[in-house]
>>> print(open('query.tsv').read())   # TSV, C-alpha atoms
chain	number	residue	atom	x	y	z
A	1	MET	CA	99.39	81.27	103.74
A	2	LEU	CA	102.67	82.38	105.31
A	3	ALA	CA	101.49	81.80	108.88
A	4	GLY	CA	102.56	78.18	109.04
A	5	LYS	CA	105.96	78.97	107.57
A	6	SER	CA	107.24	81.45	110.12
A	7	ASP	CA	108.51	78.79	112.57
A	8	THR	CA	110.39	77.00	109.81
A	9	PHE	CA	111.74	80.29	108.57
A	10	ALA	CA	113.25	81.00	112.00
A	11	ILE	CA	115.41	77.91	111.50
A	12	LEU	CA	116.56	79.21	108.12
A	13	VAL	CA	117.39	82.61	109.59
A	14	ARG	CA	119.47	80.92	112.28
A	15	ARG	CA	121.23	78.77	109.69
A	16	TYR	CA	122.05	81.49	107.18
A	17	GLN	CA	122.35	84.69	109.21
A	18	ASP	CA	126.14	84.42	109.51
A	19	ALA	CA	126.74	83.20	105.98
A	20	TYR	CA	126.37	86.53	104.23
A	21	VAL	CA	127.26	89.08	106.91
A	22	ARG	CA	130.84	89.32	105.75
A	23	TYR	CA	129.87	89.99	102.15
A	24	ALA	CA	127.27	92.60	103.16
A	25	THR	CA	129.67	94.29	105.55
A	26	ARG	CA	132.49	94.50	103.00
A	27	MET	CA	130.11	95.61	100.27
A	28	LEU	CA	128.46	98.34	102.32
A	29	GLY	CA	131.42	99.33	104.48
A	30	ASN	CA	129.73	99.19	107.87
A	31	ARG	CA	127.74	96.86	110.08
A	32	ASP	CA	124.64	99.03	110.38
A	33	ASP	CA	124.04	99.09	106.65
A	34	ALA	CA	124.96	95.42	106.39
A	35	ASP	CA	122.38	94.57	109.06
A	36	ASP	CA	119.75	96.64	107.27
A	37	ALA	CA	120.46	94.95	103.95
A	38	LEU	CA	120.46	91.45	105.43
A	39	GLN	CA	117.26	92.01	107.37
A	40	SER	CA	115.61	93.40	104.28
A	41	ALA	CA	116.86	90.41	102.26
A	42	PHE	CA	115.49	87.88	104.76
A	43	VAL	CA	112.12	89.61	104.91
A	44	ARG	CA	111.98	89.76	101.14
A	45	ALA	CA	112.85	86.08	100.98
A	46	PHE	CA	110.05	85.27	103.43
A	47	ARG	CA	107.51	87.19	101.35
A	48	SER	CA	108.69	85.39	98.21
A	49	LEU	CA	109.09	81.87	99.58
A	50	GLY	CA	106.69	80.63	96.91
A	51	LYS	CA	109.18	81.70	94.24
A	52	CYS	CA	111.96	79.53	95.62
A	53	ASN	CA	111.50	76.71	93.17
A	54	ASP	CA	114.09	74.41	94.66
A	55	PRO	CA	114.08	74.39	98.49
A	56	SER	CA	117.39	72.52	98.51
A	57	ARG	CA	118.95	75.60	96.92
A	58	PHE	CA	117.45	78.06	99.39
A	59	GLY	CA	120.93	79.28	100.38
A	60	ALA	CA	121.90	80.17	96.82
A	61	TRP	CA	118.51	81.80	96.26
A	62	LEU	CA	118.88	83.85	99.42
A	63	TYR	CA	122.43	84.78	98.39
A	64	SER	CA	121.15	86.32	95.18
A	65	ILE	CA	118.62	88.35	97.17
A	66	VAL	CA	121.36	89.52	99.54
A	67	VAL	CA	123.62	90.53	96.64
A	68	ASN	CA	120.77	92.42	95.04
A	69	GLU	CA	119.81	94.13	98.28
A	70	CYS	CA	123.41	95.19	98.93
A	71	ARG	CA	123.76	96.54	95.42
A	72	THR	CA	120.58	98.58	95.77
A	73	LEU	CA	121.53	99.94	99.18
A	74	SER	CA	125.06	100.64	98.05
A	75	ALA	CA	123.91	102.66	95.07
A	76	ARG	CA	121.49	104.57	97.28
A	77	ARG	CA	123.98	105.38	99.99
A	78	THR	CA	127.17	105.90	98.01
A	79	ARG	CA	127.85	109.31	99.49
A	80	ARG	CA	126.41	108.72	102.89
A	81	GLU	CA	128.06	110.07	106.00
A	82	ARG	CA	128.18	106.72	107.70
A	83	ARG	CA	130.53	105.35	105.13
A	84	LEU	CA	133.68	104.25	106.95
A	85	VAL	CA	136.69	106.45	106.84
A	86	ARG	CA	140.19	105.22	107.03
A	87	GLY	CA	141.05	104.11	110.56
A	88	GLY	CA	137.40	104.31	111.63
A	89	GLU	CA	136.32	102.61	114.82
A	90	GLU	CA	133.96	100.20	113.14
A	91	LEU	CA	136.60	98.96	110.76
A	92	GLU	CA	138.88	98.19	113.66
A	93	GLN	CA	136.13	95.97	115.04
A	94	LEU	CA	135.78	94.12	111.75
A	95	ALA	CA	139.38	93.06	111.70
A	96	SER	CA	140.77	90.10	113.55
A	97	PRO	CA	141.34	91.15	117.18
A	98	THR	CA	144.57	89.17	117.31
A	99	ALA	CA	146.28	90.82	114.38
A	100	GLU	CA	146.99	94.52	114.65
A	101	SER	CA	148.63	94.77	111.24
A	102	SER	CA	145.67	92.96	109.72
A	103	SER	CA	143.37	95.57	111.25
A	104	ALA	CA	145.25	98.37	109.52
A	105	ASP	CA	145.22	96.43	106.26
A	106	THR	CA	141.49	95.94	106.49
A	107	ALA	CA	140.88	99.61	107.10
A	108	ASP	CA	143.07	100.64	104.17
A	109	VAL	CA	141.58	98.15	101.76
A	110	GLN	CA	138.00	98.80	102.85
A	111	HIS	CA	138.58	102.50	102.38
A	112	ALA	CA	139.80	101.80	98.85
A	113	LEU	CA	136.89	99.46	98.17
A	114	ASP	CA	134.42	102.13	99.23
A	115	GLN	CA	135.67	104.31	96.41
A	116	LEU	CA	134.88	101.77	93.71
A	117	ALA	CA	131.69	101.77	91.69
A	118	PRO	CA	129.23	99.35	93.38
A	119	GLU	CA	129.31	96.86	90.49
A	120	GLN	CA	133.13	96.73	90.57
A	121	ARG	CA	133.19	96.34	94.35
A	122	GLU	CA	130.56	93.59	94.09
A	123	ALA	CA	132.54	91.69	91.45
A	124	PHE	CA	135.82	91.98	93.35
A	125	LEU	CA	134.32	90.81	96.65
A	126	LEU	CA	132.48	87.88	95.12
A	127	LYS	CA	135.59	86.75	93.28
A	128	TYR	CA	138.38	87.29	95.79
A	129	VAL	CA	136.74	87.44	99.20
A	130	GLU	CA	133.81	85.04	98.76
A	131	GLY	CA	135.71	82.77	96.38
A	132	GLN	CA	133.00	82.47	93.73
A	133	SER	CA	133.82	81.26	90.24
A	134	TYR	CA	132.86	83.48	87.32
A	135	GLU	CA	130.18	80.97	86.40
A	136	GLU	CA	128.66	81.19	89.89
A	137	MET	CA	128.96	84.97	89.87
A	138	SER	CA	127.20	85.14	86.54
A	139	ARG	CA	124.22	83.19	87.93
A	140	LEU	CA	124.18	85.28	91.06
A	141	VAL	CA	124.53	88.73	89.52
A	142	GLY	CA	122.88	88.12	86.18
A	143	ALA	CA	125.79	89.51	84.13
A	144	SER	CA	127.90	87.67	81.58
A	145	GLU	CA	131.19	86.11	82.66
A	146	SER	CA	133.15	88.39	80.34
A	147	ALA	CA	131.47	91.46	81.80
A	148	LEU	CA	132.31	90.26	85.29
A	149	LYS	CA	135.94	89.63	84.38
A	150	MET	CA	136.13	93.16	83.07
A	151	ARG	CA	134.65	94.53	86.29
A	152	VAL	CA	137.14	92.59	88.39
A	153	MET	CA	140.05	93.74	86.26
A	154	ARG	CA	138.98	97.38	86.52
A	155	ALA	CA	138.40	97.00	90.25
A	156	CYS	CA	141.95	95.67	90.67
A	157	GLY	CA	143.42	98.52	88.64
A	158	ARG	CA	141.51	101.13	90.58
A	159	LEU	CA	142.34	99.58	93.95
A	160	ARG	CA	146.02	99.53	93.09
A	161	VAL	CA	145.95	103.23	92.19
A	162	ILE	CA	144.10	104.18	95.38
A	163	LEU	CA	146.26	102.08	97.69
A	164	GLU	CA	149.54	103.17	96.10
A	165	ALA	CA	148.45	106.78	96.37
A	166	ALA	CA	147.92	106.08	100.07
A	167	GLY	CA	151.54	105.04	100.38
A	168	ARG	CA	151.32	101.27	100.04
A	169	SER	CA	153.48	99.45	97.53
A	170	TYR	CA	152.81	96.33	95.51
A	171	ASP	CA	154.76	94.29	92.94
A	172	ARG	CA	154.46	95.61	89.41
B	1	MET	CA	149.30	89.81	78.92
B	2	THR	CA	149.61	86.64	81.00
B	3	ASP	CA	152.11	88.41	83.24
B	4	ASP	CA	149.62	91.24	83.74
B	5	LEU	CA	146.92	88.78	84.73
B	6	ASN	CA	149.22	86.96	87.14
B	7	ARG	CA	150.29	90.23	88.68
B	8	ASP	CA	146.66	91.33	89.10
B	9	GLU	CA	145.82	87.95	90.59
B	10	ALA	CA	148.63	88.20	93.14
B	11	PHE	CA	147.69	91.77	94.00
B	12	ALA	CA	144.01	90.85	94.41
B	13	GLU	CA	144.85	87.89	96.64
B	14	GLN	CA	147.11	90.06	98.77
B	15	ILE	CA	144.55	92.80	99.42
B	16	ALA	CA	141.63	90.39	99.77
B	17	ALA	CA	143.27	88.32	102.50
B	18	PRO	CA	142.45	90.63	105.44
B	19	LEU	CA	138.91	91.03	104.16
B	20	ARG	CA	138.26	87.32	104.56
B	21	ALA	CA	138.13	87.46	108.36
B	22	GLU	CA	134.85	85.93	109.53
B	23	VAL	CA	132.09	88.29	110.55
B	24	SER	CA	129.12	87.15	112.66
B	25	ALA	CA	125.61	88.47	112.71
B	26	ASP	CA	124.56	90.70	115.57
B	27	ALA	CA	123.10	88.81	118.56
B	28	SER	CA	119.69	90.40	118.08
B	29	PHE	CA	119.58	89.84	114.33
B	30	GLU	CA	117.37	86.76	114.37
B	31	ALA	CA	114.90	88.40	116.77
B	32	ARG	CA	114.66	91.48	114.57
B	33	VAL	CA	114.08	89.49	111.40
B	34	MET	CA	111.48	87.27	113.04
B	35	SER	CA	109.72	90.30	114.49
B	36	ALA	CA	109.35	91.66	110.94
B	37	VAL	CA	108.23	88.22	109.72
B	38	HIS	CA	105.57	87.93	112.42
B	39	ALA	CA	104.31	91.40	111.52
B	40	ILE	CA	103.87	90.19	107.93
B	41	VAL	CA	101.99	87.10	109.11
B	42	ARG	CA	99.71	89.22	111.33
B	43	ALA	CA	99.01	91.66	108.49
B	44	GLU	CA	98.17	88.77	106.18
B	45	ALA	CA	95.78	87.27	108.74
B	46	GLU	CA	94.08	90.65	109.24
B	47	ALA	CA	93.71	91.10	105.48
B	48	ALA	CA	92.12	87.64	105.24
B	49	ASP	CA	89.71	88.56	108.04
B	50	ARG	CA	88.79	91.78	106.29
B	51	HIS	CA	88.13	89.86	103.10
B	52	ARG	CA	85.90	87.36	104.91
B	53	ASN	CA	83.97	90.15	106.62
B	54	ARG	CA	83.62	92.04	103.39
B	55	SER	CA	82.18	88.96	101.74
B	56	TRP	CA	79.55	88.71	104.39
B	57	TRP	CA	78.83	92.43	104.50
B	58	LEU	CA	78.16	92.49	100.82
B	59	ARG	CA	75.50	89.84	101.19
B	60	PRO	CA	71.94	91.24	101.17
B	61	PHE	CA	69.41	89.84	103.60
B	62	THR	CA	65.67	90.09	103.91
B	63	VAL	CA	63.46	91.66	106.55
B	64	ARG	CA	59.79	90.74	106.21
B	65	LEU	CA	57.02	93.18	107.13
B	66	THR	CA	53.26	92.83	106.83
B	67	PRO	CA	51.08	95.39	105.00
B	68	VAL	CA	49.76	96.50	108.38
B	69	LEU	CA	53.24	97.64	109.08
B	70	SER	CA	53.90	98.95	105.59
B	71	LEU	CA	52.98	102.51	106.55
B	72	ALA	CA	55.60	102.26	109.20
B	73	ALA	CA	58.08	100.69	106.80
B	74	ALA	CA	60.02	103.88	106.28
B	75	ALA	CA	60.34	104.37	110.00
B	76	GLY	CA	61.30	100.74	110.28
B	77	VAL	CA	64.04	101.19	107.72
B	78	VAL	CA	65.37	104.16	109.66
B	79	ALA	CA	65.34	102.06	112.79
B	80	LEU	CA	67.20	99.26	111.02
B	81	LEU	CA	69.84	101.66	109.87
B	82	ALA	CA	70.17	103.01	113.37
B	83	VAL	CA	70.98	99.58	114.74
B	84	GLU	CA	73.03	98.59	111.74
B	85	GLY	CA	76.32	98.80	113.58
B	86	ALA	CA	75.13	96.00	115.84
B	87	LEU	CA	73.60	93.96	113.03
B	88	LEU	CA	76.77	94.06	111.01
B	89	ARG	CA	78.55	92.29	113.77
B	90	ARG	CA	76.04	89.47	113.78
B	91	PRO	CA	76.17	87.43	110.60
B	92	GLU	CA	72.89	85.63	111.32
B	93	ALA	CA	69.94	86.83	109.29
B	94	SER	CA	67.26	89.02	110.81
B	95	SER	CA	63.58	88.48	110.32
B	96	VAL	CA	60.86	90.77	111.57
B	97	SER	CA	57.21	89.76	111.16
B	98	SER	CA	53.89	90.42	112.75
B	99	ALA	CA	51.97	87.71	114.56
B	100	ARG	CA	48.78	89.01	112.91
B	101	SER	CA	50.10	88.22	109.45
B	102	ALA	CA	51.48	84.82	110.25
B	103	GLY	CA	48.59	82.96	108.65
B	104	SER	CA	48.57	84.89	105.38
B	105	ALA	CA	52.16	85.71	104.76
B	106	ALA	CA	52.00	84.40	101.17
B	107	VAL	CA	49.75	87.22	100.02
B	108	ASP	CA	50.46	89.93	102.53
B	109	THR	CA	54.16	90.08	103.08
B	110	VAL	CA	56.30	93.02	102.01
B	111	HIS	CA	60.02	92.27	101.75
B	112	VAL	CA	62.60	94.82	102.72
B	113	VAL	CA	66.08	93.88	101.63
B	114	ARG	CA	69.03	95.62	103.12
B	115	PHE	CA	72.05	96.05	100.83
B	116	VAL	CA	75.39	96.75	102.44
B	117	PHE	CA	78.54	97.77	100.63
B	118	VAL	CA	81.99	98.27	102.16
B	119	ASP	CA	84.55	100.57	100.61
B	120	PRO	CA	86.44	103.11	102.73
B	121	SER	CA	87.61	104.99	99.64
B	122	ALA	CA	84.14	105.50	98.15
B	123	ARG	CA	82.67	108.99	98.03
B	124	SER	CA	79.23	107.77	97.00
B	125	VAL	CA	77.57	104.43	96.34
B	126	ALA	CA	74.30	103.82	94.51
B	127	LEU	CA	72.25	100.69	94.08
B	128	VAL	CA	70.96	100.03	90.58
B	129	GLY	CA	68.81	97.17	89.43
B	130	THR	CA	65.70	95.93	87.71
B	131	PHE	CA	63.64	97.35	90.60
B	132	ASN	CA	64.68	100.96	89.86
B	133	ALA	CA	65.17	100.77	86.10
B	134	TRP	CA	68.96	100.82	86.63
B	135	GLN	CA	68.79	104.52	87.52
B	136	LYS	CA	71.71	105.33	89.78
B	137	GLY	CA	70.10	108.46	91.19
B	138	ARG	CA	67.13	106.62	92.62
B	139	THR	CA	68.63	104.44	95.35
B	140	PRO	CA	71.73	105.93	96.90
B	141	LEU	CA	73.38	104.09	99.77
B	142	ARG	CA	74.03	106.05	102.92
B	143	LEU	CA	77.23	106.00	104.88
B	144	THR	CA	76.60	104.33	108.21
B	145	ARG	CA	78.27	105.13	111.49
B	146	VAL	CA	80.81	102.44	110.70
B	147	ASP	CA	83.64	103.82	108.55
B	148	GLY	CA	83.43	102.78	104.93
B	149	VAL	CA	80.14	100.90	105.33
B	150	TRP	CA	77.32	102.02	103.06
B	151	SER	CA	73.78	100.74	103.35
B	152	VAL	CA	70.29	101.06	101.96
B	153	SER	CA	67.09	99.12	102.57
B	154	VAL	CA	64.77	98.56	99.65
B	155	PRO	CA	61.24	97.09	99.54
B	156	LEU	CA	61.19	94.36	96.91
B	157	SER	CA	58.44	92.26	95.47
B	158	VAL	CA	58.60	88.49	95.39
B	159	GLY	CA	60.64	87.35	92.41
B	160	ARG	CA	64.03	87.60	90.83
B	161	HIS	CA	65.89	90.90	90.83
B	162	GLU	CA	69.16	91.87	89.20
B	163	TYR	CA	71.34	94.52	90.79
B	164	ALA	CA	74.80	96.06	91.09
B	165	PHE	CA	76.52	98.90	92.92
B	166	VAL	CA	77.79	102.05	91.24
B	167	VAL	CA	80.74	103.29	93.27
B	168	SER	CA	82.33	106.72	92.88
B	169	ASP	CA	85.62	107.86	94.36
B	170	GLY	CA	84.82	111.47	93.45
B	171	LYS	CA	86.56	111.30	90.08
B	172	THR	CA	85.55	108.05	88.46
B	173	GLU	CA	82.66	105.67	88.74
B	174	ARG	CA	82.86	101.90	88.65
B	175	TRP	CA	80.28	99.21	88.42
B	176	VAL	CA	80.62	96.50	91.06
B	177	ALA	CA	78.71	93.24	91.15
B	178	ASP	CA	78.17	91.51	94.48
B	179	PRO	CA	80.79	88.75	94.66
B	180	THR	CA	78.84	86.76	97.24
B	181	THR	CA	75.72	86.10	95.21
B	182	GLU	CA	74.80	84.60	91.88
B	183	SER	CA	75.90	86.80	89.03
B	184	GLN	CA	75.26	87.07	85.33
B	185	MET	CA	76.65	88.85	82.29
B	186	ASP	CA	74.55	91.00	80.02
B	187	ASP	CA	75.03	91.18	76.25
B	188	PHE	CA	77.71	93.84	76.69
B	189	GLY	CA	79.77	91.77	79.11
B	190	THR	CA	78.74	93.73	82.21
B	191	GLU	CA	78.37	91.64	85.32
B	192	SER	CA	75.41	92.08	87.65
B	193	SER	CA	74.15	90.13	90.65
B	194	VAL	CA	70.91	88.31	91.19
B	195	ILE	CA	68.75	88.08	94.27
B	196	ALA	CA	65.64	85.87	94.47
B	197	VAL	CA	63.00	87.12	96.90
B	198	ARG	CA	60.56	84.43	98.01
B	199	ASN	CA	57.69	84.54	100.45
B	200	ASP	CA	59.73	82.49	102.81
B	201	SER	CA	62.83	84.64	102.33
B	202	ALA	CA	64.51	85.22	105.60
B	203	LEU	CA	68.17	84.74	104.85
>>> encode(input="query.tsv", output="structure tokens")
Amino acid sequence: MLAGKSDTFAILVRRYQDAYVRYATRMLGNRDDADDALQSAFVRAFRSLGKCNDPSRFGAWLYSIVVNECRTLSARRTRRERRLVRGGEELEQLASPTAESSSADTADVQHALDQLAPEQREAFLLKYVEGQSYEEMSRLVGASESALKMRVMRACGRLRVILEAAGRSYDR
Amino acid sequence: MTDDLNRDEAFAEQIAAPLRAEVSADASFEARVMSAVHAIVRAEAEAADRHRNRSWWLRPFTVRLTPVLSLAAAAGVVALLAVEGALLRRPEASSVSSARSAGSAAVDTVHVVRFVFVDPSARSVALVGTFNAWQKGRTPLRLTRVDGVWSVSVPLSVGRHEYAFVVSDGKTERWVADPTTESQMDDFGTESSVIAVRNDSAL
């Protein structure tokens, strides 16, 4: 049944492979895990193509699978060795090559993000990095808007504490 | 409260900015995903093939022998089992008959029906039916040289026979009707299969 769909699916992979790499990388803290999660999400999507009720919304459907996959992997690997440490080589590669200060910022913030609970990190990234509205996030994550607002607020509070403890200062 | 929210908003925007740098997928990403996808497609095709083969393997077929050969029937059955590996690969029916009986097949013919069952997890398989009073100890299938393929050949009279397989995995037994032939339910809702043996049976 899936045989005839693999060629078409290659087009979808090409179209969407870059769309969610940033989210997966920020959520999981490194490219290896992000690649694993994305590959797993695409394969899962292929197996479940019949459940994608509206082909015109394939991207949004795939996004929800990616978010779910990242959350699962994140919970499983919270304490893993490969998690990025501050100033790590991989983080330097993630930052813009033309902005040295931006690279240091990315490393600091990613390090702080890694210390959040997965659901808080997920909410913060979707809201402030991916630019989702709370309504969109609610559909994607399956949590109420008020719960998501609470997660974002706690994530911000925790990030501030971690970053200030690391010597950075922000307006109060 | 509003001030707190605005302050959080400004803080969040400030720390999120460097995280918004674009990130591209690895150059080999598409190839890796499609490799996994093709593996799924291959596995699905193989599973479909197995299902088709299983459907055929479960189908009984008839071998016709004359009474002259009936004394040698047991030996014949052994011979059939010995070549079963080859027969299983040829879906066409086999028919063995003697030239001497050709003119009186209607009264003389003995029918030997070979039943084949495929289940790699089975520890024992028995054939039960109207021809052995549904006694599972009477007609056990034997494991052939092909893994998971069980077989038995049974002489049957002309007429209609009901049958099923009793499959054991060593702990539990289950009753399995042949999905490729006509089936029927008894009064207790148990499904069994039906085979009609005719004088001209040579499936």
>>> closest_atom_pairs(input="query.tsv", of="chain B", to="chain A", cutoff="9 Å", atoms="all atoms listed in the file", output="JSON lines")
{"residue": "B:Asp4", "atom": "CA", "partner": "A:Arg172", "partner_atom": "CA", "distance": 8.6}
{"residue": "B:Leu5", "atom": "CA", "partner": "A:Met153", "partner_atom": "CA", "distance": 8.6}
{"residue": "B:Arg7", "atom": "CA", "partner": "A:Arg172", "partner_atom": "CA", "distance": 6.8}
{"residue": "B:Asp8", "atom": "CA", "partner": "A:Cys156", "partner_atom": "CA", "distance": 6.6}
{"residue": "B:Glu9", "atom": "CA", "partner": "A:Cys156", "partner_atom": "CA", "distance": 8.6}
{"residue": "B:Ala10", "atom": "CA", "partner": "A:Asp171", "partner_atom": "CA", "distance": 8.6}
{"residue": "B:Phe11", "atom": "CA", "partner": "A:Tyr170", "partner_atom": "CA", "distance": 7.0}
{"residue": "B:Ala12", "atom": "CA", "partner": "A:Cys156", "partner_atom": "CA", "distance": 6.4}
{"residue": "B:Glu13", "atom": "CA", "partner": "A:Tyr128", "partner_atom": "CA", "distance": 6.6}
{"residue": "B:Ile15", "atom": "CA", "partner": "A:Val109", "partner_atom": "CA", "distance": 6.6}
{"residue": "B:Ala16", "atom": "CA", "partner": "A:Val129", "partner_atom": "CA", "distance": 5.7}
{"residue": "B:Ala17", "atom": "CA", "partner": "A:Val129", "partner_atom": "CA", "distance": 7.4}
{"residue": "B:Pro18", "atom": "CA", "partner": "A:Thr106", "partner_atom": "CA", "distance": 5.5}
{"residue": "B:Leu19", "atom": "CA", "partner": "A:Thr106", "partner_atom": "CA", "distance": 6.0}
{"residue": "B:Arg20", "atom": "CA", "partner": "A:Val129", "partner_atom": "CA", "distance": 5.6}
{"residue": "B:Ala21", "atom": "CA", "partner": "A:Ser96", "partner_atom": "CA", "distance": 6.4}
{"residue": "B:Glu22", "atom": "CA", "partner": "A:Arg22", "partner_atom": "CA", "distance": 6.5}
{"residue": "B:Val23", "atom": "CA", "partner": "A:Arg22", "partner_atom": "CA", "distance": 5.1}
{"residue": "B:Ser24", "atom": "CA", "partner": "A:Asp18", "partner_atom": "CA", "distance": 5.1}
{"residue": "B:Ala25", "atom": "CA", "partner": "A:Asp18", "partner_atom": "CA", "distance": 5.2}
{"residue": "B:Asp26", "atom": "CA", "partner": "A:Asp35", "partner_atom": "CA", "distance": 7.9}
{"residue": "B:Phe29", "atom": "CA", "partner": "A:Asp35", "partner_atom": "CA", "distance": 7.6}
{"residue": "B:Glu30", "atom": "CA", "partner": "A:Val13", "partner_atom": "CA", "distance": 6.3}
{"residue": "B:Ala31", "atom": "CA", "partner": "A:Ala10", "partner_atom": "CA", "distance": 9.0}
{"residue": "B:Arg32", "atom": "CA", "partner": "A:Gln39", "partner_atom": "CA", "distance": 7.7}
{"residue": "B:Val33", "atom": "CA", "partner": "A:Gln39", "partner_atom": "CA", "distance": 5.7}
{"residue": "B:Met34", "atom": "CA", "partner": "A:Ala10", "partner_atom": "CA", "distance": 6.6}
{"residue": "B:Ala36", "atom": "CA", "partner": "A:Val43", "partner_atom": "CA", "distance": 6.9}
{"residue": "B:Val37", "atom": "CA", "partner": "A:Val43", "partner_atom": "CA", "distance": 6.3}
{"residue": "B:His38", "atom": "CA", "partner": "A:Ser6", "partner_atom": "CA", "distance": 7.1}
{"residue": "B:Ile40", "atom": "CA", "partner": "A:Arg47", "partner_atom": "CA", "distance": 8.1}
{"residue": "B:Val41", "atom": "CA", "partner": "A:Ala3", "partner_atom": "CA", "distance": 5.3}
{"residue": "B:Arg42", "atom": "CA", "partner": "A:Ala3", "partner_atom": "CA", "distance": 8.0}
{"residue": "B:Glu44", "atom": "CA", "partner": "A:Leu2", "partner_atom": "CA", "distance": 7.9}
{"residue": "B:Ala45", "atom": "CA", "partner": "A:Ala3", "partner_atom": "CA", "distance": 7.9}
>>> write_last_selection(input="query.tsv", atoms="C-alpha atoms", output="CSV table (one decimal), in the frame of the given file")
chain,number,residue,atom,x,y,z
B,4,ASP,CA,149.6,91.2,83.7
B,5,LEU,CA,146.9,88.8,84.7
B,7,ARG,CA,150.3,90.2,88.7
B,8,ASP,CA,146.7,91.3,89.1
B,9,GLU,CA,145.8,88.0,90.6
B,10,ALA,CA,148.6,88.2,93.1
B,11,PHE,CA,147.7,91.8,94.0
B,12,ALA,CA,144.0,90.8,94.4
B,13,GLU,CA,144.8,87.9,96.6
B,15,ILE,CA,144.6,92.8,99.4
B,16,ALA,CA,141.6,90.4,99.8
B,17,ALA,CA,143.3,88.3,102.5
B,18,PRO,CA,142.4,90.6,105.4
B,19,LEU,CA,138.9,91.0,104.2
B,20,ARG,CA,138.3,87.3,104.6
B,21,ALA,CA,138.1,87.5,108.4
B,22,GLU,CA,134.8,85.9,109.5
B,23,VAL,CA,132.1,88.3,110.6
B,24,SER,CA,129.1,87.2,112.7
B,25,ALA,CA,125.6,88.5,112.7
B,26,ASP,CA,124.6,90.7,115.6
B,29,PHE,CA,119.6,89.8,114.3
B,30,GLU,CA,117.4,86.8,114.4
B,31,ALA,CA,114.9,88.4,116.8
B,32,ARG,CA,114.7,91.5,114.6
B,33,VAL,CA,114.1,89.5,111.4
B,34,MET,CA,111.5,87.3,113.0
B,36,ALA,CA,109.4,91.7,110.9
B,37,VAL,CA,108.2,88.2,109.7
B,38,HIS,CA,105.6,87.9,112.4
B,40,ILE,CA,103.9,90.2,107.9
B,41,VAL,CA,102.0,87.1,109.1
B,42,ARG,CA,99.7,89.2,111.3
B,44,GLU,CA,98.2,88.8,106.2
B,45,ALA,CA,95.8,87.3,108.7
>>> atom_distance(input="query.tsv", atom1="atom CA of Leu113 of chain A", atom2="atom CA of Gly167 of chain A")
15.8 Å
>>> residues_near_point(input="query.tsv", point="(122.1, 82.5, 90.7)", cutoff="9 Å", atoms="only C-alpha atoms", output="list in words")
Ala60, Trp61, Tyr63, Ser64, Glu136, Met137, Ser138, Arg139, Leu140, Val141 and Gly142 of chain A
